[in-house]
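Coordinates from my_file_15.csv are shown below (CSV, C-alpha atoms).
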chain,number,residue,atom,x,y,z
A,1,MET,CA,-69.9,-40.0,-18.6
A,2,LYS,CA,-73.3,-38.6,-17.7
A,3,ARG,CA,-71.7,-35.3,-16.8
A,4,VAL,CA,-70.0,-35.2,-20.2
A,5,TYR,CA,-73.4,-35.8,-22.0
A,6,VAL,CA,-75.0,-33.1,-19.9
A,7,ILE,CA,-72.3,-30.6,-20.8
A,8,LEU,CA,-72.5,-31.4,-24.5
A,9,PHE,CA,-76.3,-31.1,-24.4
A,10,LEU,CA,-76.1,-27.8,-22.7
A,11,ALA,CA,-73.5,-26.5,-25.2
A,12,VAL,CA,-75.6,-27.6,-28.2
A,13,ALA,CA,-78.7,-26.0,-26.6
A,14,ILE,CA,-76.8,-22.7,-26.0
A,15,ALA,CA,-75.4,-22.7,-29.6
A,16,VAL,CA,-78.9,-23.4,-31.1
A,17,GLY,CA,-80.5,-20.7,-28.9
A,18,LEU,CA,-77.7,-18.2,-29.8
A,19,GLY,CA,-78.0,-19.0,-33.5
A,20,LEU,CA,-81.8,-18.5,-33.4
A,21,GLY,CA,-81.3,-15.2,-31.6
A,22,ILE,CA,-78.7,-14.0,-34.1
A,23,ALA,CA,-81.0,-15.0,-37.0
A,24,LYS,CA,-84.0,-13.2,-35.5
A,25,HIS,CA,-82.1,-10.1,-34.3
A,26,PRO,CA,-78.9,-9.7,-36.4
A,27,GLY,CA,-78.3,-6.1,-35.2
A,28,TYR,CA,-76.3,-3.5,-37.1
A,29,VAL,CA,-72.9,-1.7,-36.5
A,30,LEU,CA,-71.7,1.3,-38.4
A,31,ILE,CA,-68.5,3.1,-37.8
A,32,ASP,CA,-67.8,6.0,-40.1
A,33,TYR,CA,-65.0,8.5,-40.1
A,34,PRO,CA,-65.6,10.8,-43.2
A,35,HIS,CA,-63.2,10.4,-46.0
A,36,VAL,CA,-60.9,8.2,-43.9
A,37,PHE,CA,-62.6,5.0,-42.6
A,38,ARG,CA,-65.9,3.3,-42.8
A,39,TYR,CA,-66.9,0.0,-41.1
A,40,GLU,CA,-70.3,-1.6,-41.6
A,41,SER,CA,-71.4,-5.0,-40.3
A,42,GLY,CA,-73.8,-7.0,-38.2
A,43,LEU,CA,-73.6,-6.7,-34.4
A,44,TRP,CA,-72.9,-10.4,-33.7
A,45,SER,CA,-70.2,-10.6,-36.4
A,46,THR,CA,-68.5,-7.5,-34.9
A,47,LEU,CA,-68.6,-9.0,-31.4
A,48,ALA,CA,-67.2,-12.3,-32.8
A,49,ALA,CA,-64.4,-10.4,-34.5
A,50,LEU,CA,-63.6,-8.5,-31.3
A,51,VAL,CA,-63.5,-11.8,-29.3
A,52,ALA,CA,-61.2,-13.3,-32.0
A,53,ILE,CA,-58.8,-10.3,-31.8
A,54,VAL,CA,-58.6,-10.6,-28.0
A,55,LEU,CA,-57.9,-14.3,-28.3
A,56,VAL,CA,-55.1,-13.7,-30.8
A,57,VAL,CA,-53.5,-11.1,-28.7
A,58,PHE,CA,-53.7,-13.3,-25.6
A,59,VAL,CA,-52.2,-16.3,-27.5
A,60,VAL,CA,-49.4,-14.1,-28.9
A,61,TRP,CA,-48.6,-12.7,-25.4
A,62,VAL,CA,-48.5,-16.3,-23.9
A,63,LEU,CA,-46.2,-17.5,-26.7
A,64,LEU,CA,-43.8,-14.5,-26.3
A,65,HIS,CA,-43.7,-15.1,-22.5
A,66,LEU,CA,-42.8,-18.7,-23.1
A,67,VAL,CA,-40.1,-17.9,-25.6
A,68,LEU,CA,-38.5,-15.3,-23.3
A,69,THR,CA,-38.6,-17.6,-20.3
A,70,SER,CA,-37.1,-20.5,-22.1
A,71,ALA,CA,-34.4,-18.3,-23.6
A,72,GLY,CA,-32.6,-18.6,-20.3
A,73,VAL,CA,-31.7,-22.1,-21.4
A,74,VAL,CA,-31.3,-21.5,-25.1
A,75,ASN,CA,-30.1,-17.9,-25.5
A,76,PRO,CA,-26.4,-17.6,-24.7
A,77,TRP,CA,-26.8,-13.8,-24.0
A,78,SER,CA,-29.5,-14.2,-21.4
A,79,GLY,CA,-29.0,-13.1,-17.8
A,80,ARG,CA,-29.1,-16.6,-16.4
A,81,ASN,CA,-26.4,-17.8,-18.8
A,82,ARG,CA,-24.3,-14.8,-18.0
A,83,GLU,CA,-24.3,-15.7,-14.3
A,84,ARG,CA,-23.5,-19.3,-15.2
A,85,ARG,CA,-20.6,-18.2,-17.4
A,86,VAL,CA,-19.2,-16.0,-14.6
A,87,GLN,CA,-19.5,-18.8,-12.1
A,88,ILE,CA,-17.6,-21.1,-14.4
A,89,ALA,CA,-14.9,-18.4,-14.9
A,90,VAL,CA,-14.6,-18.0,-11.1
A,91,GLU,CA,-14.1,-21.7,-10.5
A,92,GLN,CA,-11.8,-22.3,-13.4
A,93,GLY,CA,-9.8,-19.1,-12.7
A,94,GLN,CA,-9.2,-20.0,-9.1
A,95,LEU,CA,-8.1,-23.5,-10.0
A,96,ASP,CA,-5.8,-22.2,-12.7
A,97,LEU,CA,-4.3,-19.7,-10.2
A,98,ALA,CA,-3.7,-22.5,-7.6
A,99,GLU,CA,-2.1,-24.8,-10.2
A,100,GLY,CA,0.1,-22.2,-11.9
A,101,ARG,CA,-1.6,-21.9,-15.2
A,102,TRP,CA,-1.1,-18.2,-15.3
A,103,ALA,CA,-2.4,-17.2,-18.8
A,104,SER,CA,-5.7,-19.1,-18.2
A,105,ALA,CA,-6.0,-17.8,-14.7
A,106,GLN,CA,-5.6,-14.2,-15.9
A,107,ARG,CA,-8.2,-14.7,-18.6
A,108,ASN,CA,-10.8,-16.4,-16.5
A,109,LEU,CA,-10.4,-14.2,-13.4
A,110,HIS,CA,-10.5,-11.1,-15.4
A,111,ARG,CA,-13.8,-12.3,-17.0
A,112,ALA,CA,-15.1,-13.2,-13.6
A,113,ALA,CA,-14.2,-9.8,-12.2
A,114,GLU,CA,-16.0,-7.9,-15.0
A,115,GLY,CA,-19.2,-9.9,-14.3
A,116,GLU,CA,-19.2,-9.8,-10.5
A,117,ARG,CA,-20.6,-7.0,-8.3
A,118,GLN,CA,-17.8,-7.6,-5.7
A,119,PRO,CA,-14.8,-8.2,-8.1
A,120,LEU,CA,-11.8,-7.4,-5.8
A,121,LEU,CA,-10.5,-10.9,-5.2
A,122,TYR,CA,-10.8,-11.8,-8.9
A,123,TYR,CA,-8.9,-8.7,-10.0
A,124,LEU,CA,-6.2,-9.3,-7.5
A,125,GLY,CA,-5.8,-12.9,-8.7
A,126,ALA,CA,-5.7,-11.9,-12.3
A,127,ALA,CA,-3.1,-9.2,-11.5
A,128,LYS,CA,-0.9,-11.9,-9.8
A,129,ALA,CA,-1.3,-14.2,-12.8
A,130,ALA,CA,-0.3,-11.4,-15.2
A,131,ASN,CA,2.7,-10.5,-12.9
A,132,GLU,CA,3.9,-14.2,-13.0
A,133,LEU,CA,3.8,-14.0,-16.8
A,134,GLY,CA,5.9,-10.8,-16.8
A,135,ARG,CA,3.0,-8.7,-18.0
A,136,HIS,CA,3.6,-6.0,-15.5
A,137,GLU,CA,1.6,-3.3,-17.3
A,138,ASP,CA,-1.4,-5.6,-17.5
A,139,SER,CA,-1.0,-6.4,-13.8
A,140,ASP,CA,-0.9,-2.8,-12.8
A,141,ASN,CA,-3.9,-2.0,-15.1
A,142,LEU,CA,-5.9,-4.8,-13.4
A,143,LEU,CA,-5.1,-3.4,-10.0
A,144,GLU,CA,-6.2,0.1,-11.2
A,145,ARG,CA,-9.4,-1.4,-12.5
A,146,ALA,CA,-10.0,-3.1,-9.1
A,147,LEU,CA,-9.6,0.3,-7.4
A,148,GLU,CA,-12.0,1.9,-9.8
A,149,ARG,CA,-14.7,-0.7,-9.1
A,150,GLN,CA,-14.1,-0.9,-5.3
A,151,PRO,CA,-12.4,2.4,-4.1
A,152,GLN,CA,-12.9,1.3,-0.5
A,153,ALA,CA,-10.4,-1.5,-1.0
A,154,GLU,CA,-7.5,0.8,-1.5
A,155,LEU,CA,-5.4,-0.8,1.2
A,156,ALA,CA,-5.9,-4.4,-0.1
A,157,VAL,CA,-5.0,-3.3,-3.6
A,158,ALA,CA,-1.9,-1.4,-2.4
A,159,LEU,CA,-0.7,-4.4,-0.3
A,160,THR,CA,-1.0,-6.7,-3.3
A,161,HIS,CA,0.8,-4.2,-5.5
A,162,ALA,CA,3.6,-4.0,-3.0
A,163,GLN,CA,4.0,-7.7,-3.0
A,164,LEU,CA,4.0,-7.9,-6.7
A,165,GLN,CA,6.6,-5.2,-6.9
A,166,VAL,CA,8.8,-7.3,-4.5
A,167,ASP,CA,8.3,-10.3,-6.8
A,168,ARG,CA,9.5,-8.2,-9.8
A,169,GLY,CA,12.6,-7.2,-7.9
A,170,ASN,CA,11.4,-3.6,-7.5
A,171,ALA,CA,12.1,-3.3,-3.7
A,172,GLU,CA,12.3,0.5,-3.8
A,173,GLY,CA,8.9,0.8,-5.5
A,174,ALA,CA,7.4,-1.6,-2.9
A,175,ARG,CA,8.9,0.4,-0.1
A,176,ALA,CA,7.3,3.6,-1.5
A,177,THR,CA,3.9,1.9,-1.8
A,178,LEU,CA,4.0,0.6,1.7
A,179,GLU,CA,5.3,3.8,3.2
A,180,ALA,CA,2.3,5.6,1.6
A,181,MET,CA,-0.1,3.1,3.1
A,182,ARG,CA,1.8,3.5,6.5
A,183,GLU,CA,0.9,7.2,6.5
A,184,ARG,CA,-2.7,6.7,5.3
A,185,HIS,CA,-3.4,3.7,7.6
A,186,PRO,CA,-1.2,4.1,10.7
A,187,GLY,CA,-0.8,1.0,12.8
A,188,ASN,CA,-2.1,-1.4,10.2
A,189,VAL,CA,-0.6,-4.7,11.1
A,190,GLN,CA,-0.3,-6.1,7.6
A,191,VAL,CA,1.5,-2.9,6.3
A,192,LEU,CA,3.9,-3.1,9.2
A,193,ARG,CA,4.6,-6.8,8.7
A,194,GLN,CA,5.3,-6.3,4.9
A,195,LEU,CA,7.6,-3.4,5.7
A,196,GLN,CA,9.4,-5.5,8.3
A,197,HIS,CA,10.0,-8.4,5.8
A,198,LEU,CA,11.0,-5.9,3.1
A,199,HIS,CA,13.6,-4.2,5.4
A,200,GLN,CA,15.0,-7.6,6.4
A,201,GLN,CA,15.2,-8.8,2.8
A,202,ARG,CA,17.0,-5.6,1.8
A,203,GLY,CA,19.3,-5.7,4.8
A,204,ASP,CA,18.1,-2.2,5.7
A,205,TRP,CA,18.6,-2.6,9.5
A,206,SER,CA,18.5,1.1,10.3
A,207,ALA,CA,15.0,1.4,8.7
A,208,LEU,CA,13.9,-1.7,10.6
A,209,ILE,CA,15.2,-0.3,13.9
A,210,HIS,CA,13.0,2.8,13.3
A,211,LEU,CA,10.1,0.5,12.6
A,212,LEU,CA,10.5,-1.5,15.8
A,213,PRO,CA,8.4,0.9,18.1
A,214,GLU,CA,5.4,0.6,15.8
A,215,LEU,CA,5.8,-3.2,15.6
A,216,ARG,CA,5.7,-3.2,19.4
A,217,LYS,CA,2.8,-0.8,19.7
A,218,SER,CA,0.6,-2.5,17.2
A,219,LYS,CA,1.6,-6.0,18.4
A,220,ALA,CA,2.3,-7.0,14.8
A,221,VAL,CA,4.7,-9.7,16.0
A,222,THR,CA,4.8,-11.7,19.2
A,223,ALA,CA,7.0,-10.6,22.1
A,224,ALA,CA,9.4,-13.4,21.5
A,225,GLU,CA,9.7,-12.5,17.8
A,226,LEU,CA,10.1,-8.9,18.6
A,227,THR,CA,13.0,-9.6,21.0
A,228,GLU,CA,14.7,-11.8,18.4
A,229,LEU,CA,14.1,-9.1,15.8
A,230,GLU,CA,15.5,-6.3,18.0
A,231,HIS,CA,18.7,-8.3,18.7
A,232,ARG,CA,19.3,-9.1,15.1
A,233,ALA,CA,18.5,-5.6,13.8
A,234,TRP,CA,20.8,-3.9,16.3
A,235,GLY,CA,23.5,-6.5,15.9
A,236,GLU,CA,23.4,-6.3,12.1
A,237,ASN,CA,23.4,-2.5,12.3
A,238,LEU,CA,26.5,-2.5,14.5
A,239,THR,CA,28.2,-4.7,11.9
A,240,LEU,CA,26.9,-2.5,9.0
A,241,VAL,CA,28.0,0.9,10.4
A,242,SER,CA,31.6,-0.3,11.0
A,243,THR,CA,31.9,-1.5,7.4
A,244,ARG,CA,30.8,1.9,5.8
A,245,GLU,CA,34.0,3.6,7.0
A,246,GLU,CA,37.6,2.8,7.4
A,247,GLY,CA,40.2,3.0,10.2
A,248,GLU,CA,39.3,5.4,13.0
A,249,ALA,CA,36.2,6.6,11.3
A,250,ALA,CA,34.8,3.1,11.3
A,251,LEU,CA,35.6,2.7,15.0
A,252,GLU,CA,33.9,6.0,15.9
A,253,ALA,CA,30.8,5.1,13.8
A,254,LEU,CA,30.6,1.8,15.7
A,255,LYS,CA,30.9,3.5,19.1
A,256,ARG,CA,28.2,6.0,18.1
A,257,ALA,CA,25.9,3.2,17.1
A,258,TRP,CA,26.5,1.5,20.4
A,259,GLU,CA,25.7,4.6,22.3
A,260,GLN,CA,22.4,4.9,20.5
A,261,LEU,CA,21.2,1.7,22.3
A,262,SER,CA,19.4,1.9,25.5
A,263,ALA,CA,21.1,0.9,28.8
A,264,GLY,CA,19.1,-2.3,28.8
A,265,GLN,CA,20.1,-3.2,25.3
A,266,ARG,CA,23.8,-2.6,26.0
A,267,GLN,CA,23.5,-5.4,28.5
A,268,GLU,CA,22.0,-7.9,26.1
A,269,PRO,CA,24.5,-10.7,25.6
A,270,ALA,CA,23.7,-11.0,21.8
A,271,LEU,CA,24.4,-7.2,21.3
A,272,VAL,CA,27.5,-7.2,23.5
A,273,LEU,CA,28.7,-10.1,21.4
A,274,ALA,CA,28.2,-8.2,18.1
A,275,TYR,CA,29.7,-5.0,19.5
A,276,ALA,CA,32.8,-6.7,21.0
A,277,ASP,CA,33.4,-8.8,17.8
A,278,GLN,CA,33.4,-5.6,15.7
A,279,LEU,CA,35.8,-3.9,18.1
A,280,ARG,CA,38.1,-6.9,17.7
A,281,GLN,CA,37.9,-6.8,14.0
A,282,LEU,CA,38.6,-3.1,13.9
A,283,GLY,CA,41.7,-3.6,16.0
A,284,ALA,CA,40.3,-2.2,19.3
A,285,GLN,CA,41.4,-5.4,21.1
A,286,ALA,CA,41.7,-3.9,24.6
A,287,GLU,CA,38.3,-2.3,24.4
A,288,ALA,CA,36.8,-5.5,23.2
A,289,GLU,CA,38.4,-7.4,26.2
A,290,SER,CA,37.1,-4.9,28.8
A,291,THR,CA,33.6,-4.9,27.2
A,292,LEU,CA,33.4,-8.7,27.3
A,293,ARG,CA,34.9,-8.9,30.9
A,294,ALA,CA,32.3,-6.4,32.2
A,295,ALA,CA,29.4,-8.3,30.5
A,296,LEU,CA,30.6,-11.6,31.8
A,297,LYS,CA,30.9,-10.1,35.3
A,298,ARG,CA,27.2,-9.1,35.1
A,299,GLY,CA,26.1,-12.6,33.9
A,300,TYR,CA,27.9,-15.5,32.4
A,301,ASP,CA,27.2,-16.4,28.8
A,302,SER,CA,29.0,-19.2,26.9
A,303,HIS,CA,29.1,-17.3,23.6
A,304,LEU,CA,30.8,-14.3,25.3
A,305,ALA,CA,33.2,-16.6,27.0
A,306,ARG,CA,34.2,-18.1,23.6
A,307,LEU,CA,34.8,-14.7,22.1
A,308,TYR,CA,36.9,-13.7,25.2
A,309,GLY,CA,39.5,-16.2,24.1
A,310,LEU,CA,39.8,-14.5,20.6
A,311,VAL,CA,40.6,-11.0,21.9
A,312,VAL,CA,44.1,-9.9,23.1
A,313,GLY,CA,43.8,-7.7,26.1
A,314,SER,CA,46.4,-5.3,27.4
A,315,ASP,CA,47.4,-7.8,30.1
A,316,PRO,CA,47.2,-11.5,28.8
A,317,ALA,CA,48.2,-12.9,32.2
A,318,LYS,CA,45.4,-11.0,33.9
A,319,GLN,CA,43.0,-12.0,31.2
A,320,LEU,CA,43.8,-15.7,31.7
A,321,HIS,CA,43.4,-15.3,35.5
A,322,THR,CA,40.0,-13.7,35.0
A,323,ALA,CA,38.8,-16.5,32.8
A,324,GLU,CA,40.1,-19.2,35.2
A,325,GLY,CA,37.8,-17.6,37.8
A,326,TRP,CA,34.8,-18.5,35.8
A,327,LEU,CA,35.9,-22.2,35.6
A,328,LYS,CA,34.8,-22.8,39.2
A,329,GLU,CA,31.1,-22.5,38.3
A,330,HIS,CA,31.3,-23.5,34.6
A,331,ALA,CA,33.8,-26.4,34.5
A,332,ASP,CA,31.5,-28.3,32.1
A,333,ASP,CA,31.5,-25.5,29.4
A,334,SER,CA,33.5,-26.6,26.5
A,335,SER,CA,33.6,-23.1,25.1
A,336,LEU,CA,35.2,-21.7,28.3
A,337,LEU,CA,37.8,-24.5,28.2
A,338,LEU,CA,38.6,-23.6,24.6
A,339,THR,CA,39.0,-20.0,25.7
A,340,LEU,CA,41.3,-21.0,28.5
A,341,GLY,CA,43.4,-23.1,26.1
A,342,ARG,CA,43.7,-20.1,23.8
A,343,LEU,CA,44.6,-17.7,26.6
A,344,SER,CA,47.2,-20.2,27.8
A,345,LEU,CA,48.7,-20.2,24.3
A,346,GLN,CA,48.8,-16.3,24.5
A,347,ASN,CA,50.8,-16.7,27.7
A,348,SER,CA,53.1,-19.4,26.2
A,349,LEU,CA,51.8,-22.0,28.8
A,350,TRP,CA,52.0,-25.0,26.5
A,351,GLY,CA,51.2,-27.7,29.0
A,352,LYS,CA,48.3,-25.8,30.5
A,353,ALA,CA,47.0,-25.0,27.0
A,354,ARG,CA,47.1,-28.7,26.0
A,355,ASP,CA,45.2,-29.8,29.2
A,356,TYR,CA,42.5,-27.2,28.6
A,357,LEU,CA,42.1,-28.1,24.9
A,358,GLU,CA,42.0,-31.8,25.7
A,359,ASN,CA,39.3,-31.3,28.3
A,360,SER,CA,37.3,-29.1,25.9
A,361,LEU,CA,37.3,-31.9,23.3
A,362,ARG,CA,36.3,-34.5,25.9
A,363,LEU,CA,33.2,-32.5,26.6
A,364,GLN,CA,32.4,-31.7,23.0
A,365,ARG,CA,34.2,-32.5,19.7
A,366,ASN,CA,34.6,-29.0,18.4
A,367,PRO,CA,36.4,-28.2,15.1
A,368,GLU,CA,38.0,-25.1,16.7
A,369,ALA,CA,39.4,-27.0,19.6
A,370,CYS,CA,40.6,-29.7,17.2
A,371,ALA,CA,42.4,-27.1,15.1
A,372,GLU,CA,44.0,-25.3,18.2
A,373,LEU,CA,45.2,-28.6,19.7
A,374,ALA,CA,46.5,-29.8,16.3
A,375,ARG,CA,48.5,-26.6,15.8
A,376,LEU,CA,50.0,-27.0,19.3
A,377,LEU,CA,50.9,-30.7,18.9
A,378,ALA,CA,52.5,-30.0,15.5
A,379,ARG,CA,54.9,-27.5,17.1
A,380,LEU,CA,55.5,-30.0,19.9
A,381,GLY,CA,56.5,-32.7,17.4
A,382,GLU,CA,53.5,-34.9,17.7
A,383,THR,CA,52.8,-34.9,14.0
A,384,GLU,CA,50.6,-38.0,13.8
A,385,ARG,CA,48.2,-36.9,16.5
A,386,SER,CA,48.2,-33.4,15.0
A,387,ASN,CA,47.2,-34.7,11.5
A,388,GLN,CA,44.4,-36.8,13.1
A,389,LEU,CA,43.0,-33.8,14.8
A,390,PHE,CA,43.2,-31.7,11.7
A,391,GLN,CA,41.3,-34.4,9.8
A,392,GLU,CA,38.7,-34.7,12.6
A,393,GLY,CA,38.2,-30.9,12.7
A,394,LEU,CA,37.7,-30.8,8.9
A,395,GLY,CA,35.1,-33.5,9.1
A,396,LEU,CA,33.3,-31.7,12.0
A,397,LEU,CA,33.1,-28.5,9.9
A,398,ASP,CA,31.2,-30.4,7.2
A,399,GLU,CA,30.3,-34.0,7.8
A,400,ARG,CA,29.2,-34.3,4.2
A,401,LEU,CA,32.8,-34.3,3.1
A,402,LEU,CA,33.2,-37.7,4.6
A,403,ALA,CA,30.6,-39.2,2.2
A,404,LEU,CA,32.3,-37.8,-1.0
A,405,PRO,CA,34.3,-40.2,-3.1
A,406,LEU,CA,38.1,-39.8,-3.0
A,407,PRO,CA,40.9,-41.2,-5.2
A,408,GLU,CA,43.0,-44.2,-4.1
A,409,PRO,CA,45.9,-43.3,-1.8
A,410,ALA,CA,49.1,-42.6,-3.7
A,411,ARG,CA,51.7,-45.4,-3.5
A,412,ALA,CA,55.1,-44.6,-2.0

Kindly return the structure encoded in the file as structure tokens.
Amino acid sequence: MKRVYVILFLAVAIAVGLGLGIAKHPGYVLIDYPHVFRYESGLWSTLAALVAIVLVVFVVWVLLHLVLTSAGVVNPWSGRNRERRVQIAVEQGQLDLAEGRWASAQRNLHRAAEGERQPLLYYLGAAKAANELGRHEDSDNLLERALERQPQAELAVALTHAQLQVDRGNAEGARATLEAMRERHPGNVQVLRQLQHLHQQRGDWSALIHLLPELRKSKAVTAAELTELEHRAWGENLTLVSTREEGEAALEALKRAWEQLSAGQRQEPALVLAYADQLRQLGAQAEAESTLRAALKRGYDSHLARLYGLVVGSDPAKQLHTAEGWLKEHADDSSLLLTLGRLSLQNSLWGKARDYLENSLRLQRNPEACAELARLLARLGETERSNQLFQEGLGLLDERLLALPLPEPARA
């Protein structure tokens, strides 16, 4: 309290001293600009006016600063609120996109993209949402806008565009987009993978075959996937070329496609199987038999052995003898026993055929073996057993048939 009294006392003393000084020496100030402005007053009143003006300016400046600072909370157009609105649009847009609310996703992600410095992902999301709504023009415009804002993201935009074209059913447009990127970005794994899936989806096995070396070089797929892909592509291509022509032309086209394979590929069981099966279907039975026999001589394969029983060689007796030679090391192969049963039927060896087919069924209940044995027993007069085998074979083809409701048996 004493300090307060001292301060008050000093303030009063200064005020009294200042008042006495002003009364004794009032001073005089004259500012005159002829014919324009004239100011005349005492020195102390002038100084007081100047101090008052400075204080007013200072107060006004402080108030403006406070208003502008607080406007970040109150003013909806402030920079702080713009950032907040963009963040809300980002979060809501991503949630909408994930949950399939396409219209809201397009609106929010477009708004977020326009407000962000790195807008690529938001434009791509908005384009996907527009595409899902069938607004293809809007989708393309959003992708173009993304490219304008981030030209360095050309590849990402093109990959998204290609996928959206596939979703629209425009496979040819997608292929053109990806081929352009393949030239501009050679060896890019994602471009090659999308092209691979596109060729598979379209059934363009010839194009996929030409893509295989790049897939191998770039390691876009694993070694196991590449091997499976090669087998399927070449196998499907063999089937495809033989269906484009008719008669001898189809057979010649098939042989040309076979010769295009490397020596190693022509020894792959899966490709031999596809080639021999096409030869069989085109009527070149003898060539199919010799192709299968040569392949099985190099290395036994159960699938090849099964097909060997479906072809009719130039010498059925020799064909049966050849197949029986494999039985010594593969007596537990039901497919080989089925083949031996069929070859025995070709040679009219009914008893031997029955034994082989019965043995095949003991190893594995197979619908083909059931059908072959049922046909044989029907001709031998064993109708009841034949009908049982036909019913079993039908059930093995599709076990779901056994669960379907059926009408009551007809009364005699």

query: Hey, what's within 8 Å of Ala174 in chain A if we count all atoms listed in the file and toss same-chain stuff fewer than 3 positions away? As a PyMOL selection string, please?
result: chain A and resi 161-163+165-166+170-171+177-178

Shell around Leu164 in chain A at 10 Å using all atoms listed in the file, local window under 4 positions removed, as JSON, numbers by chain: {"A": [127, 128, 131, 132, 136, 139, 140, 158, 159, 160, 168, 169, 170, 171, 174]}

field: Spatial neighbours of Leu143 in chain A, max dist 7 Å, only C-alpha atoms, sep filter under 6 positions, as a list in words
entry: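 Once the nearby chain positions are removed, what remains is Tyr123, Leu124, Ala127 and Val157 of chain A.
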
field: Atomic distance CA of Tyr308 in chain A - CA of Ala288 in chain A, expressed in Å with one decimal
entry: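 Rounded to one decimal, the two atoms are 8.4 Å apart.
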
query: What's the 8 Å shell around Thr339 in chain A, counting only C-alpha atoms, without same-chain residues fewer than 2 positions away, as JSON, numbers by chain?
result: {"A": [305, 306, 307, 308, 309, 310, 323, 335, 336, 337, 341, 342, 343]}

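With all atoms listed in the file as the basis for measurement, A:Glu172 is the residue among A:Asp277, A:Gly381, A:Gly351, A:Glu172 that approaches Arg202 in chain A most closely.
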
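Picture a line from CA of Ser344 in chain A to CA of Leu292 in chain A; it runs 18.0 Å.
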
- request: Just give me the gap between CA of Glu372 in chain A and CA of Leu397 in chain A in Å, one decimal is fine.
  value: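 Interatomic distance, CA of Glu372 in chain A to CA of Leu397 in chain A: 14.1 Å.
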
- request: Using all atoms listed in the file, determine which residues lie at most 10 Å from Leu396 in chain A, disregarding the query and same-chain residues fewer than 6 positions distant; provide the list as a PyMOL selection string.
  value: chain A and resi 365-368+370+390+402

task: Between A:Asp138, A:Asp96, A:Asp204, A:Glu83, single out the one closest to Ala233 in chain A, counting only C-alpha atoms.
output: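 Nearest to Ala233 in chain A: A:Asp204.
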
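Residues lying at most 6 Å from (-20.9, -11.5, -16.5) in file coordinates, with all atoms listed in the file considered, are Arg82, Glu83, Val86 and Gly115 of chain A.
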
Hey, can I get the axis-aligned box for range 146-158 of chain A? All listed atoms, 8 Å padding on each side, centre and edge lengths in Å to one decimal, as AutoDock Vina command-line options.
--center_x -8.3 --center_y -1.0 --center_z -4.3 --size_x 28.8 --size_y 22.8 --size_z 27.0

Pull C-alpha atoms for range 338-353 of chain A from the block and write them as a short mmCIF file (atom, residue, chain, number, x, y, z; two decimals), in the first residue's frame.
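See part-v2.cif below for the written result:
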data_model
loop_
_atom_site.label_atom_id
_atom_site.label_comp_id
_atom_site.auth_asym_id
_atom_site.auth_seq_id
_atom_site.Cartn_x
_atom_site.Cartn_y
_atom_site.Cartn_z
CA LEU A 338 -8.90 -95.82 -68.22
CA THR A 339 -6.79 -95.37 -71.37
CA LEU A 340 -5.99 -99.07 -71.47
CA GLY A 341 -9.69 -99.85 -71.16
CA ARG A 342 -10.49 -97.55 -74.08
CA LEU A 343 -7.68 -98.95 -76.23
CA SER A 344 -8.91 -102.45 -75.44
CA LEU A 345 -12.36 -101.41 -76.66
CA GLN A 346 -10.74 -100.14 -79.89
CA ASN A 347 -9.24 -103.61 -80.33
CA SER A 348 -12.55 -105.35 -79.44
CA LEU A 349 -10.99 -106.98 -76.39
CA TRP A 350 -14.09 -106.85 -74.24
CA GLY A 351 -12.86 -108.85 -71.26
CA LYS A 352 -9.57 -106.99 -71.04
CA ALA A 353 -11.41 -103.68 -71.40
#
